[in-house]
$ cat target31.pdb   # PDB, C-alpha atoms, pLDDT in the B column
ATOM      1  CA  MET A  12       0.000   0.000   0.000  1.00 94.00           C
ATOM      2  CA  GLU A  13       1.171   3.514  -0.763  1.00 97.00           C
ATOM      3  CA  ILE A  14       1.075   5.210   2.678  1.00 97.00           C
ATOM      4  CA  GLY A  15       1.488   8.677   1.173  1.00 97.00           C
ATOM      5  CA  LEU A  16      -1.668   8.238  -0.870  1.00 97.00           C
ATOM      6  CA  LEU A  17      -3.519   6.882   2.163  1.00 97.00           C
ATOM      7  CA  LYS A  18      -2.510   9.969   4.156  1.00 97.00           C
ATOM      8  CA  THR A  19      -3.780  12.193   1.345  1.00 97.00           C
ATOM      9  CA  ASP A  20      -7.064  10.279   1.252  1.00 97.00           C
ATOM     10  CA  LEU A  21      -7.521  10.468   5.031  1.00 97.00           C
ATOM     11  CA  VAL A  22      -6.783  14.191   5.221  1.00 97.00           C
ATOM     12  CA  ARG A  23      -9.274  14.771   2.399  1.00 97.00           C
ATOM     13  CA  ASP A  24     -11.955  12.560   3.957  1.00 96.00           C
ATOM     14  CA  GLU A  25     -11.449  13.290   7.655  1.00 95.00           C
ATOM     15  CA  GLY A  26     -10.217  16.853   7.370  1.00 96.00           C
ATOM     16  CA  MET A  27      -7.416  18.290   9.481  1.00 97.00           C
ATOM     17  CA  LYS A  28      -8.408  20.157  12.631  1.00 97.00           C
ATOM     18  CA  LEU A  29      -5.769  21.820  14.783  1.00 97.00           C
ATOM     19  CA  HIS A  30      -8.148  22.281  17.704  1.00 98.00           C
ATOM     20  CA  PRO A  31     -10.405  19.729  19.405  1.00 97.00           C
ATOM     21  CA  TYR A  32     -13.916  19.464  18.075  1.00 97.00           C
ATOM     22  CA  THR A  33     -16.925  17.230  18.555  1.00 97.00           C
ATOM     23  CA  ASP A  34     -17.371  14.826  15.653  1.00 94.00           C
ATOM     24  CA  THR A  35     -20.640  13.651  14.123  1.00 93.00           C
ATOM     25  CA  VAL A  36     -21.150  11.000  16.827  1.00 96.00           C
ATOM     26  CA  GLY A  37     -20.284  13.272  19.749  1.00 97.00           C
ATOM     27  CA  LYS A  38     -16.639  12.226  20.261  1.00 97.00           C
ATOM     28  CA  THR A  39     -13.922  14.752  21.058  1.00 98.00           C
ATOM     29  CA  THR A  40     -11.621  14.639  18.051  1.00 97.00           C
ATOM     30  CA  ILE A  41      -8.463  16.408  16.846  1.00 97.00           C
ATOM     31  CA  GLY A  42      -6.031  16.299  13.959  1.00 97.00           C
ATOM     32  CA  VAL A  43      -7.022  13.892  11.205  1.00 97.00           C
ATOM     33  CA  GLY A  44      -9.898  12.069  12.885  1.00 96.00           C
ATOM     34  CA  ARG A  45      -8.093  11.195  16.164  1.00 97.00           C
ATOM     35  CA  ASN A  46     -10.816  10.180  18.599  1.00 97.00           C
ATOM     36  CA  LEU A  47      -9.536  11.517  21.915  1.00 98.00           C
ATOM     37  CA  ASP A  48     -12.404  10.049  23.924  1.00 97.00           C
ATOM     38  CA  ASP A  49     -11.703   6.435  22.940  1.00 97.00           C
ATOM     39  CA  VAL A  50      -8.116   6.441  21.638  1.00 97.00           C
ATOM     40  CA  GLY A  51      -6.511   9.366  23.478  1.00 97.00           C
ATOM     41  CA  LEU A  52      -2.798   9.972  22.990  1.00 97.00           C
ATOM     42  CA  THR A  53       0.186   7.727  23.498  1.00 97.00           C
ATOM     43  CA  GLU A  54       2.940   8.686  25.923  1.00 98.00           C
ATOM     44  CA  GLN A  55       5.239   9.226  22.932  1.00 98.00           C
ATOM     45  CA  GLU A  56       2.724  11.617  21.344  1.00 98.00           C
ATOM     46  CA  VAL A  57       2.362  13.558  24.590  1.00 97.00           C
ATOM     47  CA  LEU A  58       6.154  13.857  24.888  1.00 98.00           C
ATOM     48  CA  ILE A  59       6.369  15.141  21.300  1.00 98.00           C
ATOM     49  CA  LEU A  60       3.757  17.771  22.132  1.00 97.00           C
ATOM     50  CA  LEU A  61       5.680  18.673  25.285  1.00 98.00           C
ATOM     51  CA  GLN A  62       8.948  19.054  23.369  1.00 98.00           C
ATOM     52  CA  ASN A  63       7.240  21.297  20.819  1.00 98.00           C
ATOM     53  CA  ASP A  64       5.719  23.385  23.620  1.00 98.00           C
ATOM     54  CA  ILE A  65       9.109  23.721  25.349  1.00 98.00           C
ATOM     55  CA  THR A  66      10.674  24.841  22.064  1.00 98.00           C
ATOM     56  CA  ASN A  67       7.937  27.468  21.723  1.00 98.00           C
ATOM     57  CA  VAL A  68       8.531  28.636  25.305  1.00 98.00           C
ATOM     58  CA  MET A  69      12.279  28.951  24.697  1.00 98.00           C
ATOM     59  CA  ASP A  70      11.666  30.897  21.482  1.00 98.00           C
ATOM     60  CA  GLU A  71       9.245  33.206  23.296  1.00 98.00           C
ATOM     61  CA  MET A  72      11.781  33.806  26.075  1.00 98.00           C
ATOM     62  CA  ALA A  73      14.480  34.588  23.500  1.00 98.00           C
ATOM     63  CA  TYR A  74      12.161  37.077  21.805  1.00 98.00           C
ATOM     64  CA  GLN A  75      10.558  38.731  24.848  1.00 98.00           C
ATOM     65  CA  ILE A  76      13.260  38.550  27.546  1.00 98.00           C
ATOM     66  CA  PRO A  77      16.563  37.589  25.905  1.00 98.00           C
ATOM     67  CA  TRP A  78      18.532  38.696  28.985  1.00 98.00           C
ATOM     68  CA  ILE A  79      17.076  35.743  30.920  1.00 98.00           C
ATOM     69  CA  PHE A  80      19.644  33.446  29.299  1.00 98.00           C
ATOM     70  CA  GLU A  81      22.398  35.327  31.165  1.00 98.00           C
ATOM     71  CA  LYS A  82      20.844  34.342  34.501  1.00 98.00           C
ATOM     72  CA  PRO A  83      21.527  31.149  36.458  1.00 98.00           C
ATOM     73  CA  GLU A  84      19.943  27.989  35.059  1.00 98.00           C
ATOM     74  CA  PRO A  85      17.405  27.630  37.922  1.00 98.00           C
ATOM     75  CA  VAL A  86      16.100  31.149  37.175  1.00 98.00           C
ATOM     76  CA  GLN A  87      15.774  30.324  33.481  1.00 98.00           C
ATOM     77  CA  ARG A  88      13.923  27.123  34.354  1.00 98.00           C
ATOM     78  CA  ALA A  89      11.618  28.939  36.779  1.00 98.00           C
ATOM     79  CA  VAL A  90      10.690  31.589  34.216  1.00 98.00           C
ATOM     80  CA  ALA A  91      10.234  28.954  31.487  1.00 98.00           C
ATOM     81  CA  ASN A  92       7.894  27.038  33.819  1.00 98.00           C
ATOM     82  CA  MET A  93       5.861  30.182  34.462  1.00 98.00           C
ATOM     83  CA  LEU A  94       5.771  31.070  30.764  1.00 98.00           C
ATOM     84  CA  PHE A  95       4.663  27.535  29.897  1.00 98.00           C
ATOM     85  CA  ASN A  96       1.883  27.786  32.464  1.00 98.00           C
ATOM     86  CA  MET A  97       0.493  31.235  31.743  1.00 98.00           C
ATOM     87  CA  GLY A  98       1.837  32.474  28.406  1.00 98.00           C
ATOM     88  CA  TRP A  99       3.629  35.728  27.714  1.00 98.00           C
ATOM     89  CA  PRO A 100       0.646  38.107  28.003  1.00 98.00           C
ATOM     90  CA  ARG A 101       0.129  37.120  31.656  1.00 98.00           C
ATOM     91  CA  LEU A 102       3.822  36.698  32.506  1.00 98.00           C
ATOM     92  CA  SER A 103       4.554  40.152  31.091  1.00 98.00           C
ATOM     93  CA  GLN A 104       2.310  41.572  33.824  1.00 98.00           C
ATOM     94  CA  PHE A 105       4.837  40.375  36.442  1.00 98.00           C
ATOM     95  CA  LYS A 106       6.760  43.611  35.882  1.00 98.00           C
ATOM     96  CA  ARG A 107       8.287  43.888  39.367  1.00 98.00           C
ATOM     97  CA  MET A 108       9.376  40.253  39.324  1.00 98.00           C
ATOM     98  CA  LEU A 109      10.955  40.579  35.878  1.00 98.00           C
ATOM     99  CA  LEU A 110      12.698  43.816  36.850  1.00 98.00           C
ATOM    100  CA  ALA A 111      14.069  42.161  40.001  1.00 98.00           C
ATOM    101  CA  LEU A 112      15.303  39.207  37.947  1.00 98.00           C
ATOM    102  CA  GLU A 113      16.987  41.521  35.484  1.00 98.00           C
ATOM    103  CA  LYS A 114      18.797  43.169  38.412  1.00 98.00           C
ATOM    104  CA  ASP A 115      19.756  39.789  39.943  1.00 98.00           C
ATOM    105  CA  ASP A 116      17.583  40.523  42.996  1.00 98.00           C
ATOM    106  CA  PHE A 117      16.350  36.961  43.263  1.00 98.00           C
ATOM    107  CA  GLU A 118      14.838  37.299  46.731  1.00 98.00           C
ATOM    108  CA  THR A 119      12.558  40.145  45.597  1.00 98.00           C
ATOM    109  CA  ALA A 120      11.715  38.283  42.380  1.00 98.00           C
ATOM    110  CA  ALA A 121      10.685  35.186  44.344  1.00 98.00           C
ATOM    111  CA  ARG A 122       8.560  37.302  46.689  1.00 98.00           C
ATOM    112  CA  GLU A 123       6.864  39.012  43.732  1.00 98.00           C
ATOM    113  CA  ALA A 124       6.077  35.649  42.121  1.00 98.00           C
ATOM    114  CA  LEU A 125       4.423  34.500  45.327  1.00 98.00           C
ATOM    115  CA  ASP A 126       2.540  37.778  45.812  1.00 97.00           C
ATOM    116  CA  SER A 127       0.118  37.133  42.968  1.00 97.00           C
ATOM    117  CA  ARG A 128      -3.234  35.640  42.120  1.00 97.00           C
ATOM    118  CA  TRP A 129      -1.333  33.125  39.963  1.00 98.00           C
ATOM    119  CA  SER A 130       0.488  31.840  43.055  1.00 98.00           C
ATOM    120  CA  HIS A 131      -2.826  31.147  44.784  1.00 97.00           C
ATOM    121  CA  GLN A 132      -4.144  29.414  41.659  1.00 98.00           C
ATOM    122  CA  VAL A 133      -1.193  27.028  41.221  1.00 98.00           C
ATOM    123  CA  GLY A 134      -0.274  26.497  44.896  1.00 97.00           C
ATOM    124  CA  ASP A 135       2.778  24.286  45.388  1.00 98.00           C
ATOM    125  CA  ARG A 136       3.980  24.939  41.868  1.00 98.00           C
ATOM    126  CA  SER A 137       4.519  28.617  42.687  1.00 98.00           C
ATOM    127  CA  ARG A 138       6.407  27.742  45.854  1.00 98.00           C
ATOM    128  CA  ARG A 139       8.721  25.390  43.932  1.00 98.00           C
ATOM    129  CA  ILE A 140       9.317  28.084  41.316  1.00 98.00           C
ATOM    130  CA  ALA A 141      10.006  30.734  43.957  1.00 98.00           C
ATOM    131  CA  LYS A 142      12.486  28.366  45.612  1.00 98.00           C
ATOM    132  CA  LEU A 143      14.314  27.923  42.288  1.00 98.00           C
ATOM    133  CA  ILE A 144      14.585  31.692  41.938  1.00 98.00           C
ATOM    134  CA  ARG A 145      15.516  32.313  45.555  1.00 97.00           C
ATOM    135  CA  GLU A 146      18.283  29.704  45.600  1.00 94.00           C
ATOM    136  CA  ALA A 147      19.872  30.799  42.309  1.00 91.00           C
TER     137      ALA A 147
END
$ encode --input "target31.pdb" --output "structure tokens"
Amino acid sequence: MEIGLLKTDLVRDEGMKLHPYTDTVGKTTIGVGRNLDDVGLTEQEVLILLQNDITNVMDEMAYQIPWIFEKPEPVQRAVANMLFNMGWPRLSQFKRMLLALEKDDFETAAREALDSRWSHQVGDRSRRIAKLIREA
């Protein structure tokens, strides 16, 4: 069988959706007919998605806050974790934290991260991130 032709047929017949949708029988579906309700994703597929998301986060950091790569690795990891979680529009609102990071005032930056609605929403995650920053 010619797999390339099969792929072409399936994309034509199933369509290609980049966001989840409900199919004609009520199943949550994505991509080219992937039934998420019954089939889901494999661990390998999830890890590919994660790697792509991490690449996007790193690209966003390089574009928005390129100076972060001059900071200690734990600070970079903490900011990447926050960016992954909330996206740049929300992270950009952490102006005092970002300014403190830029000035290598890690104690203030950690305090600012914790003094936020986000910290209350994510709980232990924010405390782990603040610890990374504080101990840099």
$ axis_aligned_box --input "target31.pdb" --around "range 50-66 of chain A" --padding-each-side "6 Å" --output "AutoDock Vina command-line options"
--center_x 1.3 --center_y 15.6 --center_z 23.4 --size_x 30.8 --size_y 30.4 --size_z 17.1
$ residues_around --input "target31.pdb" --residues "Asp34 in chain A" --least-positions-apart "4" --cutoff "10 Å" --atoms "only C-alpha atoms" --output "ChimeraX atom specification"
/A:38-41,44-46
$ residues_around --input "target31.pdb" --residues "range 118-125 of chain A" --least-positions-apart "5" --cutoff "6 Å" --atoms "only C-alpha atoms" --output "list in words"
Met108, Ala111, Leu112, Ser130, Ala141, Ile144 and Arg145 of chain A
$ residues_around --input "target31.pdb" --residues "range 71-86 of chain A" --least-positions-apart "5" --cutoff "10 Å" --atoms "all atoms listed in the file" --output "list in words"
Ile65, Thr66, Ala91, Asn92, Leu94, Phe95, Gly98, Trp99, Ser103, Leu109, Leu112, Glu113, Lys114, Asp115, Phe117, Ala120, Ala121, Ile140, Ala141, Lys142, Leu143, Ile144, Arg145, Glu146 and Ala147 of chain A
$ residues_near_point --input "target31.pdb" --point "(-4.6, 21.3, 11.9)" --cutoff "12 Å" --atoms "all atoms listed in the file" --output "PDB file with C-alpha atoms, keeping the file's coordinate frame"
ATOM      1  CA  VAL A  22      -6.783  14.191   5.221  1.00 97.00           C
ATOM      2  CA  GLU A  25     -11.449  13.290   7.655  1.00 95.00           C
ATOM      3  CA  GLY A  26     -10.217  16.853   7.370  1.00 96.00           C
ATOM      4  CA  MET A  27      -7.416  18.290   9.481  1.00 97.00           C
ATOM      5  CA  LYS A  28      -8.408  20.157  12.631  1.00 97.00           C
ATOM      6  CA  LEU A  29      -5.769  21.820  14.783  1.00 97.00           C
ATOM      7  CA  HIS A  30      -8.148  22.281  17.704  1.00 98.00           C
ATOM      8  CA  PRO A  31     -10.405  19.729  19.405  1.00 97.00           C
ATOM      9  CA  TYR A  32     -13.916  19.464  18.075  1.00 97.00           C
ATOM     10  CA  THR A  40     -11.621  14.639  18.051  1.00 97.00           C
ATOM     11  CA  ILE A  41      -8.463  16.408  16.846  1.00 97.00           C
ATOM     12  CA  GLY A  42      -6.031  16.299  13.959  1.00 97.00           C
ATOM     13  CA  VAL A  43      -7.022  13.892  11.205  1.00 97.00           C
ATOM     14  CA  GLY A  44      -9.898  12.069  12.885  1.00 96.00           C
ATOM     15  CA  ARG A  45      -8.093  11.195  16.164  1.00 97.00           C
TER      16      ARG A  45
END
$ atom_distance --input "target31.pdb" --atom1 "CA of Thr35 in chain A" --atom2 "CA of Asp49 in chain A"
14.5 Å
$ atom_distance --input "target31.pdb" --atom1 "CA of Gly134 in chain A" --atom2 "CA of Arg101 in chain A"
17.0 Å
$ atom_distance --input "target31.pdb" --atom1 "CA of Glu13 in chain A" --atom2 "CA of Leu58 in chain A"
28.1 Å
$ closest_residue --input "target31.pdb" --among "A:Gly37, A:Ser127, A:Ser137, A:Val57" --to "Ala89 in chain A" --atoms "only C-alpha atoms"
A:Ser137
$ decode --input "target31.pdb" --residues "chain A" --atoms "C-alpha atoms" --output "PDB file, in the first residue's frame"
ATOM      1  CA  MET A  12       0.000   0.000   0.000  1.00  0.00           C
ATOM      2  CA  GLU A  13       1.171   3.514  -0.763  1.00  0.00           C
ATOM      3  CA  ILE A  14       1.075   5.210   2.678  1.00  0.00           C
ATOM      4  CA  GLY A  15       1.488   8.677   1.173  1.00  0.00           C
ATOM      5  CA  LEU A  16      -1.668   8.238  -0.870  1.00  0.00           C
ATOM      6  CA  LEU A  17      -3.519   6.882   2.163  1.00  0.00           C
ATOM      7  CA  LYS A  18      -2.510   9.969   4.156  1.00  0.00           C
ATOM      8  CA  THR A  19      -3.780  12.193   1.345  1.00  0.00           C
ATOM      9  CA  ASP A  20      -7.064  10.279   1.252  1.00  0.00           C
ATOM     10  CA  LEU A  21      -7.521  10.468   5.031  1.00  0.00           C
ATOM     11  CA  VAL A  22      -6.783  14.191   5.221  1.00  0.00           C
ATOM     12  CA  ARG A  23      -9.274  14.771   2.399  1.00  0.00           C
ATOM     13  CA  ASP A  24     -11.955  12.560   3.957  1.00  0.00           C
ATOM     14  CA  GLU A  25     -11.449  13.290   7.655  1.00  0.00           C
ATOM     15  CA  GLY A  26     -10.217  16.853   7.370  1.00  0.00           C
ATOM     16  CA  MET A  27      -7.416  18.290   9.481  1.00  0.00           C
ATOM     17  CA  LYS A  28      -8.408  20.157  12.631  1.00  0.00           C
ATOM     18  CA  LEU A  29      -5.769  21.820  14.783  1.00  0.00           C
ATOM     19  CA  HIS A  30      -8.148  22.281  17.704  1.00  0.00           C
ATOM     20  CA  PRO A  31     -10.405  19.729  19.405  1.00  0.00           C
ATOM     21  CA  TYR A  32     -13.916  19.464  18.075  1.00  0.00           C
ATOM     22  CA  THR A  33     -16.925  17.230  18.555  1.00  0.00           C
ATOM     23  CA  ASP A  34     -17.371  14.826  15.653  1.00  0.00           C
ATOM     24  CA  THR A  35     -20.640  13.651  14.123  1.00  0.00           C
ATOM     25  CA  VAL A  36     -21.150  11.000  16.827  1.00  0.00           C
ATOM     26  CA  GLY A  37     -20.284  13.272  19.749  1.00  0.00           C
ATOM     27  CA  LYS A  38     -16.639  12.226  20.261  1.00  0.00           C
ATOM     28  CA  THR A  39     -13.922  14.752  21.058  1.00  0.00           C
ATOM     29  CA  THR A  40     -11.621  14.639  18.051  1.00  0.00           C
ATOM     30  CA  ILE A  41      -8.463  16.408  16.846  1.00  0.00           C
ATOM     31  CA  GLY A  42      -6.031  16.299  13.959  1.00  0.00           C
ATOM     32  CA  VAL A  43      -7.022  13.892  11.205  1.00  0.00           C
ATOM     33  CA  GLY A  44      -9.898  12.069  12.885  1.00  0.00           C
ATOM     34  CA  ARG A  45      -8.093  11.195  16.164  1.00  0.00           C
ATOM     35  CA  ASN A  46     -10.816  10.180  18.599  1.00  0.00           C
ATOM     36  CA  LEU A  47      -9.536  11.517  21.915  1.00  0.00           C
ATOM     37  CA  ASP A  48     -12.404  10.049  23.924  1.00  0.00           C
ATOM     38  CA  ASP A  49     -11.703   6.435  22.940  1.00  0.00           C
ATOM     39  CA  VAL A  50      -8.116   6.441  21.638  1.00  0.00           C
ATOM     40  CA  GLY A  51      -6.511   9.366  23.478  1.00  0.00           C
ATOM     41  CA  LEU A  52      -2.798   9.972  22.990  1.00  0.00           C
ATOM     42  CA  THR A  53       0.186   7.727  23.498  1.00  0.00           C
ATOM     43  CA  GLU A  54       2.940   8.686  25.923  1.00  0.00           C
ATOM     44  CA  GLN A  55       5.239   9.226  22.932  1.00  0.00           C
ATOM     45  CA  GLU A  56       2.724  11.617  21.344  1.00  0.00           C
ATOM     46  CA  VAL A  57       2.362  13.558  24.590  1.00  0.00           C
ATOM     47  CA  LEU A  58       6.154  13.857  24.888  1.00  0.00           C
ATOM     48  CA  ILE A  59       6.369  15.141  21.300  1.00  0.00           C
ATOM     49  CA  LEU A  60       3.757  17.771  22.132  1.00  0.00           C
ATOM     50  CA  LEU A  61       5.680  18.673  25.285  1.00  0.00           C
ATOM     51  CA  GLN A  62       8.948  19.054  23.369  1.00  0.00           C
ATOM     52  CA  ASN A  63       7.240  21.297  20.819  1.00  0.00           C
ATOM     53  CA  ASP A  64       5.719  23.385  23.620  1.00  0.00           C
ATOM     54  CA  ILE A  65       9.109  23.721  25.349  1.00  0.00           C
ATOM     55  CA  THR A  66      10.674  24.841  22.064  1.00  0.00           C
ATOM     56  CA  ASN A  67       7.937  27.468  21.723  1.00  0.00           C
ATOM     57  CA  VAL A  68       8.531  28.636  25.305  1.00  0.00           C
ATOM     58  CA  MET A  69      12.279  28.951  24.697  1.00  0.00           C
ATOM     59  CA  ASP A  70      11.666  30.897  21.482  1.00  0.00           C
ATOM     60  CA  GLU A  71       9.245  33.206  23.296  1.00  0.00           C
ATOM     61  CA  MET A  72      11.781  33.806  26.075  1.00  0.00           C
ATOM     62  CA  ALA A  73      14.480  34.588  23.500  1.00  0.00           C
ATOM     63  CA  TYR A  74      12.161  37.077  21.805  1.00  0.00           C
ATOM     64  CA  GLN A  75      10.558  38.731  24.848  1.00  0.00           C
ATOM     65  CA  ILE A  76      13.260  38.550  27.546  1.00  0.00           C
ATOM     66  CA  PRO A  77      16.563  37.589  25.905  1.00  0.00           C
ATOM     67  CA  TRP A  78      18.532  38.696  28.985  1.00  0.00           C
ATOM     68  CA  ILE A  79      17.076  35.743  30.920  1.00  0.00           C
ATOM     69  CA  PHE A  80      19.644  33.446  29.299  1.00  0.00           C
ATOM     70  CA  GLU A  81      22.398  35.327  31.165  1.00  0.00           C
ATOM     71  CA  LYS A  82      20.844  34.342  34.501  1.00  0.00           C
ATOM     72  CA  PRO A  83      21.527  31.149  36.458  1.00  0.00           C
ATOM     73  CA  GLU A  84      19.943  27.989  35.059  1.00  0.00           C
ATOM     74  CA  PRO A  85      17.405  27.630  37.922  1.00  0.00           C
ATOM     75  CA  VAL A  86      16.100  31.149  37.175  1.00  0.00           C
ATOM     76  CA  GLN A  87      15.774  30.324  33.481  1.00  0.00           C
ATOM     77  CA  ARG A  88      13.923  27.123  34.354  1.00  0.00           C
ATOM     78  CA  ALA A  89      11.618  28.939  36.779  1.00  0.00           C
ATOM     79  CA  VAL A  90      10.690  31.589  34.216  1.00  0.00           C
ATOM     80  CA  ALA A  91      10.234  28.954  31.487  1.00  0.00           C
ATOM     81  CA  ASN A  92       7.894  27.038  33.819  1.00  0.00           C
ATOM     82  CA  MET A  93       5.861  30.182  34.462  1.00  0.00           C
ATOM     83  CA  LEU A  94       5.771  31.070  30.764  1.00  0.00           C
ATOM     84  CA  PHE A  95       4.663  27.535  29.897  1.00  0.00           C
ATOM     85  CA  ASN A  96       1.883  27.786  32.464  1.00  0.00           C
ATOM     86  CA  MET A  97       0.493  31.235  31.743  1.00  0.00           C
ATOM     87  CA  GLY A  98       1.837  32.474  28.406  1.00  0.00           C
ATOM     88  CA  TRP A  99       3.629  35.728  27.714  1.00  0.00           C
ATOM     89  CA  PRO A 100       0.646  38.107  28.003  1.00  0.00           C
ATOM     90  CA  ARG A 101       0.129  37.120  31.656  1.00  0.00           C
ATOM     91  CA  LEU A 102       3.822  36.698  32.506  1.00  0.00           C
ATOM     92  CA  SER A 103       4.554  40.152  31.091  1.00  0.00           C
ATOM     93  CA  GLN A 104       2.310  41.572  33.824  1.00  0.00           C
ATOM     94  CA  PHE A 105       4.837  40.375  36.442  1.00  0.00           C
ATOM     95  CA  LYS A 106       6.760  43.611  35.882  1.00  0.00           C
ATOM     96  CA  ARG A 107       8.287  43.888  39.367  1.00  0.00           C
ATOM     97  CA  MET A 108       9.376  40.253  39.324  1.00  0.00           C
ATOM     98  CA  LEU A 109      10.955  40.579  35.878  1.00  0.00           C
ATOM     99  CA  LEU A 110      12.698  43.816  36.850  1.00  0.00           C
ATOM    100  CA  ALA A 111      14.069  42.161  40.001  1.00  0.00           C
ATOM    101  CA  LEU A 112      15.303  39.207  37.947  1.00  0.00           C
ATOM    102  CA  GLU A 113      16.987  41.521  35.484  1.00  0.00           C
ATOM    103  CA  LYS A 114      18.797  43.169  38.412  1.00  0.00           C
ATOM    104  CA  ASP A 115      19.756  39.789  39.943  1.00  0.00           C
ATOM    105  CA  ASP A 116      17.583  40.523  42.996  1.00  0.00           C
ATOM    106  CA  PHE A 117      16.350  36.961  43.263  1.00  0.00           C
ATOM    107  CA  GLU A 118      14.838  37.299  46.731  1.00  0.00           C
ATOM    108  CA  THR A 119      12.558  40.145  45.597  1.00  0.00           C
ATOM    109  CA  ALA A 120      11.715  38.283  42.380  1.00  0.00           C
ATOM    110  CA  ALA A 121      10.685  35.186  44.344  1.00  0.00           C
ATOM    111  CA  ARG A 122       8.560  37.302  46.689  1.00  0.00           C
ATOM    112  CA  GLU A 123       6.864  39.012  43.732  1.00  0.00           C
ATOM    113  CA  ALA A 124       6.077  35.649  42.121  1.00  0.00           C
ATOM    114  CA  LEU A 125       4.423  34.500  45.327  1.00  0.00           C
ATOM    115  CA  ASP A 126       2.540  37.778  45.812  1.00  0.00           C
ATOM    116  CA  SER A 127       0.118  37.133  42.968  1.00  0.00           C
ATOM    117  CA  ARG A 128      -3.234  35.640  42.120  1.00  0.00           C
ATOM    118  CA  TRP A 129      -1.333  33.125  39.963  1.00  0.00           C
ATOM    119  CA  SER A 130       0.488  31.840  43.055  1.00  0.00           C
ATOM    120  CA  HIS A 131      -2.826  31.147  44.784  1.00  0.00           C
ATOM    121  CA  GLN A 132      -4.144  29.414  41.659  1.00  0.00           C
ATOM    122  CA  VAL A 133      -1.193  27.028  41.221  1.00  0.00           C
ATOM    123  CA  GLY A 134      -0.274  26.497  44.896  1.00  0.00           C
ATOM    124  CA  ASP A 135       2.778  24.286  45.388  1.00  0.00           C
ATOM    125  CA  ARG A 136       3.980  24.939  41.868  1.00  0.00           C
ATOM    126  CA  SER A 137       4.519  28.617  42.687  1.00  0.00           C
ATOM    127  CA  ARG A 138       6.407  27.742  45.854  1.00  0.00           C
ATOM    128  CA  ARG A 139       8.721  25.390  43.932  1.00  0.00           C
ATOM    129  CA  ILE A 140       9.317  28.084  41.316  1.00  0.00           C
ATOM    130  CA  ALA A 141      10.006  30.734  43.957  1.00  0.00           C
ATOM    131  CA  LYS A 142      12.486  28.366  45.612  1.00  0.00           C
ATOM    132  CA  LEU A 143      14.314  27.923  42.288  1.00  0.00           C
ATOM    133  CA  ILE A 144      14.585  31.692  41.938  1.00  0.00           C
ATOM    134  CA  ARG A 145      15.516  32.313  45.555  1.00  0.00           C
ATOM    135  CA  GLU A 146      18.283  29.704  45.600  1.00  0.00           C
ATOM    136  CA  ALA A 147      19.872  30.799  42.309  1.00  0.00           C
TER     137      ALA A 147
END
